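Some notes on the structure that comes next.
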Amino acid sequence: MGIIIYKFKKKPLIYTFIFICFITSIIFVYHNYGFYERPIAKVIQTDLEDSTDITDIHDNNDRIFTQQIIAEIKNGEEKGQLIHLTNKYSLSRANDQPYQKGNEVFVSFEKNTIENPQLTGNITDVKRDKYIVIVAWIFIFTLLIVGKKQGLFASISLAVNILLLSYALDIYVRTDMNLLWICGIMVILFTIISLLLVNGFNEKTYTAIIATLLGTFSSLLITYFAIWIASENGLYYEEMQYLTRPYRLIFLAGLFIGSLGAVMDVAISLSSATFELYNKNNDISVKALKASGMEIGKDIMGTMTNILFFAYISGSIPMLILYLKNYSPLGFTLSINLSLELARALAGGIGIVLTIPIGLYTSIFFIKRKRENS
Amino acid sequence: MNVLVLLAIILFALMIWIGGKKGARSFLSLFLNFGVILVSVFFMMDPNADPIIITLIACTVISCINLFYINEVNSKTVTAFISTLITVTILLFFIYIVTKKAMIQGFGEEEMDEISVIFSLYPGLDFVKISAAVIIMSTIGAVTDIAISITSPMQEIFNQHPSIKKKELFTSGLSIGKDILGSNTNTLFFAFIGGYMALLIWYKDLSYSFGDIVNSKIFSAEMITIFCAGIGIALVIPIASLINAHYLIKIRDKKSDSKI
């Protein structure tokens with residue numbers, strides 16, 4: 001708290017503004033029922049009706065519970081009325097969950113008959129918007145407290161990137177522009193915005209922008225080439241087949257954008273380090289710059305590839321467990337669920353490693369030019 | 001030829017070219033980490049095992065691989081290791097509560113359509129804990145990265161100014177952390193977005209309204225993962241700075257005591 005009060009004295013305007021945003025958004029998500037067309041109900045009473053033990057064909061034991069729920073409708077014509085709902089849930093909660101007093105859910109109505117005038121219906125989904133907003137604010141405040149100004153800029157760049165992405169996907173869905181072109185333009189915008197916001201307007205940032213773009217485009221080329229040579233052998237698109245669009249293209253686009261952050265990180269680390277060395281000693285030789293740049297590259301290469309690896313692979317864990325619990329063969333499970341993720345992780349790794357020499361030589365190029373001019 | 005094998009060979013060649021021996025170790029660490037994930041998946045399949053404890057053990061092993069194997073065992077990596085574990089433990093409890101409250105465990109409707117026909121959805125496991133484990137595992141790479149990126153320059157600063165005060169050392173750790181905070185949150189953000197492009201396009205194609213998207217299970221799980229990852233990244237910065245400052249000063253005081 002002390003830090004916040006201290007910061008508040010220094011920059012009252014910005015912090016008041018953030019605080020007002022925080023309060024209004026929290027009030028908003030707790031009272032935004034009127035903005036939804038789908039009926040929302042708030043659970044006011046739950047009764048456990050019964051529970052049965054079940055064993056599935058693979059001898060997995062579970063228990064199914066039935067819950068009777070009374071909830072109050074919060075919006076629409078039925079606002080204020082009570083609705084009776086039935087909910088089934090299992091111990092596993094893979095696709096269901098118990099509800100408690102205070103939970104808010106989306107419901108659909110069933111026709112009420114003359115014998116049964118009570119309002120009944122089914123739960124279609126959970127209202128999750130307030131949790132996203134709360135966690136988002138915890139995220140923003142942690143970033144602000146730890147990172148101060150940089151934290152603020154990091155949150156802003158995240159917000160801008162989300163808006164940009166949503167806008168670009170809208171364009172893609174509405175017009176029939178080629179997705180790779182849209183992604184190409186997005187990648188350029190993402191890079192410029194994120195790097196400028198996070199690192200400010202200076203020569204390090206300009207160098208990093210160029211290195212990032214060269215790095216991502218060349219890694220995309222290499223990956224595309226590899227996929228083409230191996231004629232897509234070993235890639236299973238089953239995971240994406242619900243799509244009504246060319247999923248190969250969408251996979252490539254995801255791969256393109258996915259490695260962007262990591263490549264930016266490598267590019268800015270290299271350019272700041274080499275410019276730092278040059279600023280400390282203006283007469284430093286190109287050879288010495290190359291040697292220390294490569295040394296830095298070696299240090300960050302391993303951890304950066306690991307970051308991408310975990311970010312991609314972990315998401316598949318629940319699906320892997322479900323497949324294996326249903327006695328799917330291991331090889332089949334892995335290739336169906338992980339082939340695309342592994343391809344993304346490997347392609348991202350290629351981008352990271354390629355960016356090390358690219359970033360280093362771009363920095364050296366700019367340093368040389370600067371030296372000639374001065 | 002298999003695409004994955006070909007990509008792996010290209011990556012291996014590039015890593016050796018740039019990093020030599022250390023490159024080879026980095027490449028191998030990917031395989032080791034993959035092994036750790038698979039083994040934890042097997043353990044999580046046991047209904048009597050607690051996925052949270054399995055995750056904590058897996059995170060310990062993974063940070064050992066990322067810190068001690070790629071680098072080596074020294075005071076920098078040891079303090080980074082301790083800070084990683086503390087951060088992961090704090091974060092895990094936070095994430096478990098969020099996962100339970102927001103009900104983002106398990107699978108979304110969009111993933112369910114096909115598999116619910118062939119598969120039994122009642123394996124008798126606790127998917128709330130498994131989903132919390134997933135979020136932690138997706139962040140662990142970034143947390144260890146930040147921890148080592150803070151402790152190693154702090155050691156440099158300490159070596160150059162041996163008489164530095166504890167508070168100064170701590171603030172210098174914080175300011176290093178601030179510089180890498182933004183680019184690391186971006187790294188994770190783009191990685192998650194890249195993985196979910198298909199889903200986002202699908203939402204737009206089916207003209208989901210903004211409210212539908214925000215409340216859908218997969219999307220909210222994804223957003224909460226991004227935010228939790230960011231919180232983890234920000235949290236490890238003060239923790240690593242504090243522990244490292246404390247440790248370095250303690251070592252120095254011990255040395256000066258023994259001299260007297």
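Here's how to read the names in the structure tokens: chain A, B, ... by the order shown, residue numbers from 1 in each chain, ligand numbers from 1 in the order shown.
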Checklist entry - Which chain A residues are at most 6 Å from chain B (counting only C-alpha atoms), as JSON, numbers by chain? => result {"A": [60, 61, 62, 92, 93, 94, 95, 127, 128, 129, 131, 139, 143, 147, 154, 198, 227, 230, 233, 234, 254, 255, 257, 258, 261, 262, 265, 298, 302, 303, 306, 307, 310, 311, 314, 343, 350]}
Checklist entry - So which residues touch Ile52 in chain B within 9 Å, counting only C-alpha atoms, skipping near sequence neighbours fewer than 3 positions away, as an MDAnalysis selection string? => result chainID B and resid 49 55:57 92 96 129:130 132:133
Convert the current residue selection to file output with C-alpha atoms, as an mmCIF file, in the first residue's frame.
data_model
loop_
_atom_site.group_PDB
_atom_site.id
_atom_site.type_symbol
_atom_site.label_atom_id
_atom_site.label_comp_id
_atom_site.auth_asym_id
_atom_site.auth_seq_id
_atom_site.Cartn_x
_atom_site.Cartn_y
_atom_site.Cartn_z
ATOM 1 C CA ALA B 49 -2.651 -38.745 -6.698
ATOM 2 C CA THR B 55 2.826 -30.245 -10.535
ATOM 3 C CA LEU B 56 4.996 -28.877 -7.752
ATOM 4 C CA ILE B 57 7.370 -31.819 -8.132
ATOM 5 C CA LEU B 92 -0.406 -22.176 -7.730
ATOM 6 C CA TYR B 96 -6.389 -22.901 -8.058
ATOM 7 C CA LYS B 129 -6.618 -29.204 -10.108
ATOM 8 C CA ILE B 130 -5.453 -30.459 -13.494
ATOM 9 C CA ALA B 132 -4.608 -25.198 -12.443
ATOM 10 C CA ALA B 133 -1.588 -27.406 -13.126
#
Item to check | Filtered DSSP result for range 64-118 of chain B, state alpha helix (DSSP H), as a count of residues only | outcome: 38
Item to check | Shell of 10 Å around Ser219 in chain A, only C-alpha atoms, local chain residues under 6 positions omitted, as number ranges by chain | outcome: A: 213, 225, 255-256, 259, 263, 347-355
Item to check | Which of B:Ile53, B:Leu85, B:Ile157, B:Ile150 sits closest to Gly173 in chain B [using only C-alpha atoms] | outcome: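 Of B:Ile53, B:Leu85, B:Ile157, B:Ile150, the one nearest Gly173 in chain B, counting only C-alpha atoms, is B:Ile150.
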Checklist entry - Which polymer residues have any atom within 12 Å of an atom of Gln67 in chain A, counting only C-alpha atoms, with same-chain residues fewer than 2 positions away left out, as a ChimeraX atom specification? => result /A:43,45-51,64-65,69-70,84-90,96-100,123
Item to check | Long-range neighbours of range 329-338 of chain A as number ranges by chain, 9 Å cut-off, only C-alpha atoms, 5 positions minimum in chain | outcome: A: 234-239, 313, 316, 319-320, 323-324, 343
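Pairwise distance (CA of Ile185 in chain A, CA of Ala168 in chain A) equals 9.3 Å.
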